[in-house]
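Q: Sending over my_file-v2.cif (mmCIF, C-alpha atoms).
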```cif
data_my_file
loop_
_atom_site.label_atom_id
_atom_site.label_comp_id
_atom_site.auth_asym_id
_atom_site.auth_seq_id
_atom_site.Cartn_x
_atom_site.Cartn_y
_atom_site.Cartn_z
CA MET A 1 123.29 93.32 100.98
CA THR A 2 123.91 89.62 101.60
CA THR A 3 121.19 86.98 101.19
CA GLU A 4 120.83 86.84 104.98
CA GLU A 5 120.52 90.58 105.28
CA MET A 6 117.96 90.83 102.49
CA LEU A 7 115.83 88.09 104.07
CA SER A 8 115.64 89.82 107.44
CA HIS A 9 115.30 93.22 105.74
CA THR A 10 112.26 91.93 103.80
CA ALA A 11 110.66 90.65 107.00
CA LEU A 12 111.22 93.97 108.75
CA HIS A 13 109.78 95.74 105.70
CA SER A 14 106.60 93.68 106.12
CA TRP A 15 106.31 94.78 109.78
CA LYS A 16 106.70 98.41 108.74
CA LEU A 17 104.03 98.08 106.04
CA VAL A 18 101.46 96.64 108.45
CA ILE A 19 102.21 99.19 111.18
CA GLY A 20 102.13 101.99 108.61
CA ARG A 21 98.70 100.89 107.36
CA LEU A 22 97.33 100.70 110.87
CA ASP A 23 98.79 104.13 111.64
CA ALA A 24 96.96 105.50 108.62
CA VAL A 25 93.69 104.07 109.99
CA ILE A 26 94.19 105.25 113.57
CA ALA A 27 95.85 108.65 113.24
CA PRO A 28 92.90 110.56 111.68
CA LEU A 29 90.27 109.16 114.07
CA SER A 30 88.63 111.53 116.54
CA ASP A 31 88.11 110.59 120.19
CA GLU A 32 84.46 109.85 119.38
CA GLU A 33 85.36 107.64 116.43
CA LEU A 34 87.80 105.68 118.59
CA GLN A 35 84.85 104.77 120.83
CA LYS A 36 83.18 102.85 117.98
CA GLN A 37 83.08 99.07 118.21
CA VAL A 38 84.44 97.01 115.29
CA ALA A 39 81.16 95.06 115.32
CA PRO A 40 78.16 95.10 117.68
CA GLY A 41 79.31 94.08 121.18
CA LYS A 42 82.96 93.69 120.09
CA ASN A 43 86.09 95.67 120.98
CA ARG A 44 86.23 99.43 120.55
CA LEU A 45 88.88 100.84 118.23
CA LEU A 46 90.45 102.54 121.27
CA TYR A 47 90.75 99.18 123.02
CA LEU A 48 92.56 97.78 119.97
CA VAL A 49 95.01 100.71 120.05
CA GLY A 50 95.68 100.04 123.74
CA HIS A 51 95.88 96.28 123.18
CA LEU A 52 98.35 96.50 120.31
CA THR A 53 100.44 99.11 122.14
CA ALA A 54 100.70 96.85 125.20
CA VAL A 55 101.45 93.71 123.15
CA HIS A 56 104.12 95.53 121.15
CA ASP A 57 105.58 97.10 124.29
CA ARG A 58 106.10 93.59 125.66
CA MET A 59 108.47 92.89 122.79
CA PHE A 60 111.19 95.06 124.37
CA PRO A 61 111.99 92.58 127.17
CA MET A 62 110.87 89.55 125.14
CA LEU A 63 113.40 90.29 122.42
CA GLY A 64 116.06 91.64 124.79
CA LEU A 65 115.76 95.17 123.41
CA GLY A 66 115.41 97.09 126.68
CA GLU A 67 112.86 98.09 129.26
CA ARG A 68 109.17 98.48 128.58
CA LEU A 69 107.75 101.96 128.10
CA HIS A 70 104.14 101.33 129.19
CA PRO A 71 103.70 98.27 131.43
CA GLU A 72 100.70 99.99 133.03
CA LEU A 73 98.60 99.23 129.93
CA ASP A 74 98.56 95.44 130.38
CA ASP A 75 95.91 95.30 133.09
CA ILE A 76 93.42 97.25 131.04
CA TYR A 77 94.22 96.22 127.48
CA ILE A 78 95.53 92.65 127.75
CA THR A 79 94.26 91.07 130.96
CA SER A 80 90.80 92.67 130.92
CA PRO A 81 88.29 92.52 128.09
CA ASP A 82 87.02 95.79 126.69
CA ARG A 83 84.63 98.02 128.66
CA VAL A 84 85.24 96.26 131.99
CA ARG A 85 87.57 98.94 133.33
CA PRO A 86 87.83 102.64 132.48
CA ASP A 87 90.52 103.76 130.03
CA PRO A 88 93.46 104.91 132.18
CA VAL A 89 94.63 107.62 129.79
CA SER A 90 93.09 109.84 127.13
CA ALA A 91 92.77 108.76 123.51
CA ALA A 92 95.45 111.30 122.58
CA GLU A 93 97.85 109.86 125.16
CA LEU A 94 97.15 106.33 123.97
CA LYS A 95 97.78 107.31 120.36
CA HIS A 96 101.04 108.89 121.47
CA ALA A 97 102.08 105.72 123.33
CA TRP A 98 101.23 103.65 120.22
CA SER A 99 103.52 105.77 118.03
CA GLU A 100 106.25 105.93 120.66
CA VAL A 101 106.36 102.16 121.21
CA ASN A 102 106.35 101.31 117.51
CA GLY A 103 108.92 103.98 116.71
CA LYS A 104 111.41 102.82 119.33
CA LEU A 105 110.81 99.15 118.57
CA THR A 106 111.37 99.63 114.86
CA ALA A 107 114.56 101.60 115.52
CA ALA A 108 115.82 98.71 117.69
CA PHE A 109 114.81 96.16 115.03
CA GLU A 110 116.84 98.04 112.42
CA LYS A 111 120.02 97.34 114.38
CA LEU A 112 119.63 93.56 114.60
CA THR A 113 121.81 91.39 112.35
CA PRO A 114 120.38 88.30 110.62
CA GLN A 115 122.14 86.13 113.22
CA GLN A 116 120.57 88.13 116.05
CA TRP A 117 117.12 87.68 114.51
CA LEU A 118 117.63 83.93 114.84
CA GLU A 119 118.60 84.03 118.51
CA LYS A 120 116.06 82.73 120.97
CA HIS A 121 113.62 85.12 122.59
CA THR A 122 113.54 85.39 126.36
CA ALA A 123 110.15 83.67 126.76
CA VAL A 124 111.53 80.31 125.60
CA SER A 125 113.87 78.07 127.61
CA ASP A 126 117.24 76.89 126.28
CA GLU A 127 115.88 73.35 126.24
CA ASP A 128 112.76 74.23 124.24
CA PHE A 129 114.77 76.38 121.86
CA ALA A 130 117.14 73.47 121.19
CA LYS A 131 114.11 71.38 120.20
CA ASP A 132 112.51 74.12 118.10
CA PRO A 133 114.91 76.80 116.80
CA THR A 134 112.05 78.57 115.00
CA ARG A 135 111.22 80.08 118.42
CA ASN A 136 113.52 82.95 117.60
CA ARG A 137 113.23 86.73 117.47
CA LEU A 138 112.16 86.69 113.82
CA ALA A 139 109.25 84.37 114.62
CA VAL A 140 108.08 86.87 117.26
CA LEU A 141 108.33 89.75 114.78
CA LEU A 142 106.28 87.83 112.19
CA SER A 143 103.76 86.70 114.80
CA ARG A 144 103.23 90.27 116.04
CA THR A 145 103.00 91.49 112.44
CA ASN A 146 100.24 88.92 111.81
CA HIS A 147 98.56 89.89 115.07
CA ALA A 148 98.54 93.55 114.04
CA ALA A 149 97.11 92.58 110.62
CA PHE A 150 94.44 90.46 112.40
CA HIS A 151 93.18 93.51 114.31
CA THR A 152 93.61 95.81 111.29
CA GLY A 153 91.06 93.60 109.53
CA GLN A 154 88.64 94.26 112.37
CA ALA A 155 89.33 98.00 112.47
CA ALA A 156 88.71 98.15 108.71
CA LEU A 157 85.08 97.16 109.30
CA VAL A 158 84.33 100.48 111.00
CA LYS A 159 83.04 103.23 108.79
CA MET B 160 120.47 74.63 108.73
CA THR B 161 122.34 77.75 107.62
CA THR B 162 121.35 81.25 108.76
CA GLU B 163 119.75 81.85 105.36
CA GLU B 164 117.79 78.64 105.49
CA MET B 165 116.57 79.26 109.04
CA LEU B 166 115.40 82.78 108.11
CA SER B 167 113.28 81.56 105.18
CA HIS B 168 112.17 78.51 107.18
CA THR B 169 110.91 80.80 109.98
CA ALA B 170 108.96 82.91 107.46
CA LEU B 171 107.38 79.82 105.92
CA HIS B 172 106.53 78.57 109.41
CA SER B 173 104.62 81.83 110.00
CA TRP B 174 102.58 81.26 106.79
CA LYS B 175 101.74 77.74 107.91
CA LEU B 176 100.64 78.95 111.36
CA VAL B 177 98.25 81.53 109.92
CA ILE B 178 96.79 79.14 107.34
CA GLY B 179 96.46 76.43 109.99
CA ARG B 180 94.54 78.77 112.30
CA LEU B 181 92.21 79.83 109.52
CA ASP B 182 91.69 76.17 108.55
CA ALA B 183 90.68 75.46 112.14
CA VAL B 184 88.08 78.25 111.93
CA ILE B 185 86.69 77.28 108.52
CA ALA B 186 86.75 73.48 108.50
CA PRO B 187 84.06 72.89 111.16
CA LEU B 188 81.60 75.47 109.79
CA SER B 189 78.34 74.24 108.27
CA ASP B 190 77.00 75.62 104.99
CA GLU B 191 74.58 77.77 107.02
CA GLU B 192 77.32 79.11 109.25
CA LEU B 193 79.40 80.04 106.20
CA GLN B 194 76.52 82.29 105.10
CA LYS B 195 76.99 84.49 108.20
CA GLN B 196 78.43 87.97 107.73
CA VAL B 197 81.48 89.00 109.76
CA ALA B 198 79.58 92.16 110.76
CA PRO B 199 76.21 93.60 109.65
CA GLY B 200 76.35 94.32 105.91
CA LYS B 201 79.93 93.03 105.57
CA ASN B 202 81.36 89.99 103.78
CA ARG B 203 80.03 86.51 104.44
CA LEU B 204 82.48 83.92 105.74
CA LEU B 205 81.97 81.98 102.49
CA TYR B 206 83.01 85.03 100.49
CA LEU B 207 86.20 85.26 102.55
CA VAL B 208 86.97 81.59 101.82
CA GLY B 209 86.48 82.22 98.09
CA HIS B 210 88.44 85.48 98.24
CA LEU B 211 91.43 83.99 100.04
CA THR B 212 91.41 80.91 97.79
CA ALA B 213 91.48 83.10 94.67
CA VAL B 214 94.16 85.43 96.05
CA HIS B 215 96.34 82.49 97.10
CA ASP B 216 95.76 80.71 93.77
CA ARG B 217 97.17 83.79 92.02
CA MET B 218 100.47 83.16 93.77
CA PHE B 219 101.24 80.18 91.51
CA PRO B 220 101.95 82.32 88.41
CA MET B 221 103.03 85.35 90.45
CA LEU B 222 105.82 83.37 92.12
CA GLY B 223 106.58 81.23 89.06
CA LEU B 224 105.33 78.06 90.74
CA GLY B 225 103.05 76.75 88.01
CA GLU B 226 99.57 77.15 86.59
CA ARG B 227 96.60 78.31 88.62
CA LEU B 228 94.11 75.74 89.84
CA HIS B 229 90.99 77.94 90.09
CA PRO B 230 91.12 81.07 87.91
CA GLU B 231 87.31 80.93 87.65
CA LEU B 232 87.02 82.24 91.22
CA ASP B 233 88.43 85.72 90.50
CA ASP B 234 85.30 87.20 88.94
CA ILE B 235 83.15 86.31 91.91
CA TYR B 236 85.54 86.61 94.85
CA ILE B 237 88.05 89.28 93.83
CA THR B 238 86.50 91.51 91.17
CA SER B 239 82.96 91.55 92.60
CA PRO B 240 81.98 92.51 96.13
CA ASP B 241 80.02 89.97 98.15
CA ARG B 242 76.39 89.14 97.35
CA VAL B 243 76.45 90.76 93.91
CA ARG B 244 76.74 87.49 92.04
CA PRO B 245 75.70 83.95 93.02
CA ASP B 246 78.34 81.59 94.43
CA PRO B 247 79.52 79.50 91.45
CA VAL B 248 80.20 76.36 93.46
CA SER B 249 78.93 74.78 96.69
CA ALA B 250 80.45 75.57 100.08
CA ALA B 251 81.93 72.06 100.18
CA GLU B 252 83.59 72.57 96.80
CA LEU B 253 84.94 75.95 97.87
CA LYS B 254 86.35 74.48 101.09
CA HIS B 255 87.99 71.77 98.99
CA ALA B 256 89.53 74.35 96.65
CA TRP B 257 90.82 76.30 99.66
CA SER B 258 92.61 73.23 101.04
CA GLU B 259 93.87 72.16 97.63
CA VAL B 260 95.36 75.56 96.77
CA ASN B 261 97.05 76.01 100.14
CA GLY B 262 98.34 72.43 100.17
CA LYS B 263 99.94 72.67 96.74
CA LEU B 264 101.29 76.16 97.36
CA THR B 265 102.89 75.18 100.65
CA ALA B 266 104.47 72.11 99.04
CA ALA B 267 105.96 74.35 96.33
CA PHE B 268 107.17 76.84 98.96
CA GLU B 269 109.01 74.08 100.81
CA LYS B 270 111.23 73.52 97.78
CA LEU B 271 112.43 77.12 97.42
CA THR B 272 115.96 77.95 98.52
CA PRO B 273 116.72 81.21 100.40
CA GLN B 274 118.16 82.63 97.17
CA GLN B 275 114.99 81.74 95.27
CA TRP B 276 112.87 83.47 97.92
CA LEU B 277 114.78 86.65 97.10
CA GLU B 278 114.21 86.48 93.35
CA LYS B 279 111.76 88.95 91.87
CA HIS B 280 108.15 87.96 91.46
CA THR B 281 106.59 88.06 87.99
CA ALA B 282 104.38 91.09 88.70
CA VAL B 283 107.37 93.43 89.01
CA SER B 284 109.54 94.63 86.11
CA ASP B 285 113.32 94.15 86.02
CA GLU B 286 113.69 97.90 86.28
CA ASP B 287 111.45 98.27 89.32
CA PHE B 288 113.07 95.27 90.99
CA ALA B 289 116.51 96.84 90.52
CA LYS B 290 115.24 99.92 92.35
CA ASP B 291 113.52 97.96 95.11
CA PRO B 292 114.83 94.42 95.68
CA THR B 293 112.35 93.88 98.52
CA ARG B 294 109.78 93.17 95.78
CA ASN B 295 110.78 89.52 95.95
CA ARG B 296 108.96 86.22 96.49
CA LEU B 297 109.43 86.41 100.26
CA ALA B 298 107.70 89.81 100.36
CA VAL B 299 104.71 88.28 98.55
CA LEU B 300 104.60 85.37 101.00
CA LEU B 301 104.65 87.75 103.98
CA SER B 302 102.09 90.05 102.37
CA ARG B 303 99.69 87.16 101.72
CA THR B 304 100.27 85.86 105.26
CA ASN B 305 99.30 89.28 106.62
CA HIS B 306 96.30 89.41 104.27
CA ALA B 307 95.11 86.02 105.54
CA ALA B 308 95.57 87.22 109.15
CA PHE B 309 93.62 90.41 108.29
CA HIS B 310 90.59 88.36 107.23
CA THR B 311 91.06 85.86 110.07
CA GLY B 312 90.52 88.77 112.45
CA GLN B 313 87.19 89.45 110.74
CA ALA B 314 86.14 85.79 110.70
CA ALA B 315 86.93 85.59 114.43
CA LEU B 316 84.12 88.10 115.12
CA VAL B 317 81.48 85.54 114.09
CA LYS B 318 80.07 83.41 116.85
#
```
Since I need it in another form, could you write the structure as structure tokens?

A:
Amino acid sequence: MTTEEMLSHTALHSWKLVIGRLDAVIAPLSDEELQKQVAPGKNRLLYLVGHLTAVHDRMFPMLGLGERLHPELDDIYITSPDRVRPDPVSAAELKHAWSEVNGKLTAAFEKLTPQQWLEKHTAVSDEDFAKDPTRNRLAVLLSRTNHAAFHTGQAALVK
Amino acid sequence: MTTEEMLSHTALHSWKLVIGRLDAVIAPLSDEELQKQVAPGKNRLLYLVGHLTAVHDRMFPMLGLGERLHPELDDIYITSPDRVRPDPVSAAELKHAWSEVNGKLTAAFEKLTPQQWLEKHTAVSDEDFAKDPTRNRLAVLLSRTNHAAFHTGQAALVK
């Protein structure tokens, strides 16, 4: 592997570690357990699953990796705070969407070359990218990895 | 900037973003506010500051970047859970240590070349590194960035 390849490989490895840890937290939870809040009055675990699924699903168009799988989740799990609107699908369906989105995303990530990781994402203009070339695909991957870790810290508070 | 340099630059940028966000949470907090727990019975914010300072301080020897600044924090903020032992220093001193450690670490990070980011860290043997070359300095940086984001998610629950 070249230096470039090992650098992007290491970053992708970090994404997989964080997603894998969150999977290990979420997968064994029952429907009742997913209704627990991470702290009194805060988001339910199920909301976090929906939120992270929707945010990750948005990476397909943002990184030019294809169409979204679950755009219907945004209204409930990004635009609205928790417990304002009913969950649109069952916990089992949401868990399935979570795995599906992460699985297909990670497979698409595996195919990107180091140069492609440094290309601009679609949410930044050519002009802004010229000013700040760190607004690339890799920055989005690392930002979403940190975002997933942020909510993993909250989910870890639930016993 | 070469492809290699931009890849490691983007990763370092992600570290700086996460530390900067956590700084913005911690800096304005009063001593009383730092005594709040992130959730009932969970770690105090002050413990998280001590914990993250100690964990980050350990990166100096782990990444071959020099001597630690605050090894005395480990016993209280890594080995012991919160509220078992008294805080050894004031909140102001702990905040200062947090800024000092991150400032010096980040300055040392800035000097590393892409090749140096891929060198093994000191906590892995030559044999293990040969088997898994992702156990490099960059992996530690990304892991600690995720760890800081993990606890930022908890700190964000406190109002």

Q: List every protein, DNA or RNA residue that has at least one atom no more than 12 Å from (76.5, 85.8, 109.7) in the file's coordinates, counting only C-alpha atoms, and write the result as a PDB file with C-alpha atoms, keeping the file's coordinate frame.

A:
```
ATOM      1  CA  ALA A  39      81.160  95.060 115.320  1.00  0.00           C
TER       2      ALA A  39
ATOM      3  CA  LEU B 188      81.600  75.470 109.790  1.00  0.00           C
ATOM      4  CA  SER B 189      78.340  74.240 108.270  1.00  0.00           C
ATOM      5  CA  ASP B 190      77.000  75.620 104.990  1.00  0.00           C
ATOM      6  CA  GLU B 191      74.580  77.770 107.020  1.00  0.00           C
ATOM      7  CA  GLU B 192      77.320  79.110 109.250  1.00  0.00           C
ATOM      8  CA  LEU B 193      79.400  80.040 106.200  1.00  0.00           C
ATOM      9  CA  GLN B 194      76.520  82.290 105.100  1.00  0.00           C
ATOM     10  CA  LYS B 195      76.990  84.490 108.200  1.00  0.00           C
ATOM     11  CA  GLN B 196      78.430  87.970 107.730  1.00  0.00           C
ATOM     12  CA  VAL B 197      81.480  89.000 109.760  1.00  0.00           C
ATOM     13  CA  ALA B 198      79.580  92.160 110.760  1.00  0.00           C
ATOM     14  CA  PRO B 199      76.210  93.600 109.650  1.00  0.00           C
ATOM     15  CA  GLY B 200      76.350  94.320 105.910  1.00  0.00           C
ATOM     16  CA  LYS B 201      79.930  93.030 105.570  1.00  0.00           C
ATOM     17  CA  ASN B 202      81.360  89.990 103.780  1.00  0.00           C
ATOM     18  CA  ARG B 203      80.030  86.510 104.440  1.00  0.00           C
ATOM     19  CA  LEU B 204      82.480  83.920 105.740  1.00  0.00           C
ATOM     20  CA  LEU B 205      81.970  81.980 102.490  1.00  0.00           C
ATOM     21  CA  TYR B 206      83.010  85.030 100.490  1.00  0.00           C
ATOM     22  CA  GLN B 313      87.190  89.450 110.740  1.00  0.00           C
ATOM     23  CA  ALA B 314      86.140  85.790 110.700  1.00  0.00           C
ATOM     24  CA  ALA B 315      86.930  85.590 114.430  1.00  0.00           C
ATOM     25  CA  LEU B 316      84.120  88.100 115.120  1.00  0.00           C
ATOM     26  CA  VAL B 317      81.480  85.540 114.090  1.00  0.00           C
ATOM     27  CA  LYS B 318      80.070  83.410 116.850  1.00  0.00           C
TER      28      LYS B 318
END
```

Q: Using only C-alpha atoms, find which residues of chain B lie within 6 Å of chain A and jot them down as a ChimeraX atom specification.

A: /B:163,169,198,293,305,308-310,312-313

Q: Which residue, A:Val89, A:Met1, A:Val25, A:Met59, has the smallest gap to Arg144 (chain A) when you use only C-alpha atoms?

A: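 Smallest separation from Arg144 (chain A) among the options: A:Met59.
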
Q: Could you list, as a VMD selection string, every residue matched by the PyMOL selection byres ((chain B and resi 221-224) around 6) in this structure?

A: chain B and resid 218 to 220 225 280 to 281

Q: Report the distance between CA of Thr79 (chain A) and CA of Ala91 (chain A) in Å, rounded to one decimal place.

A: 19.3 Å

Q: Using the chain letters and residue numbers of this document, give as a CSV table (one decimal) with C-alpha atoms, in the coordinates of the input the residues selected by the PyMOL selection byres ((chain A and resi 98) around 8).

A:
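Final output, saved to selection.csv:
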```csv
chain,number,residue,atom,x,y,z
A,49,VAL,CA,95.0,100.7,120.0
A,50,GLY,CA,95.7,100.0,123.7
A,52,LEU,CA,98.4,96.5,120.3
A,53,THR,CA,100.4,99.1,122.1
A,94,LEU,CA,97.2,106.3,124.0
A,95,LYS,CA,97.8,107.3,120.4
A,96,HIS,CA,101.0,108.9,121.5
A,97,ALA,CA,102.1,105.7,123.3
A,99,SER,CA,103.5,105.8,118.0
A,100,GLU,CA,106.2,105.9,120.7
A,101,VAL,CA,106.4,102.2,121.2
A,102,ASN,CA,106.4,101.3,117.5
```
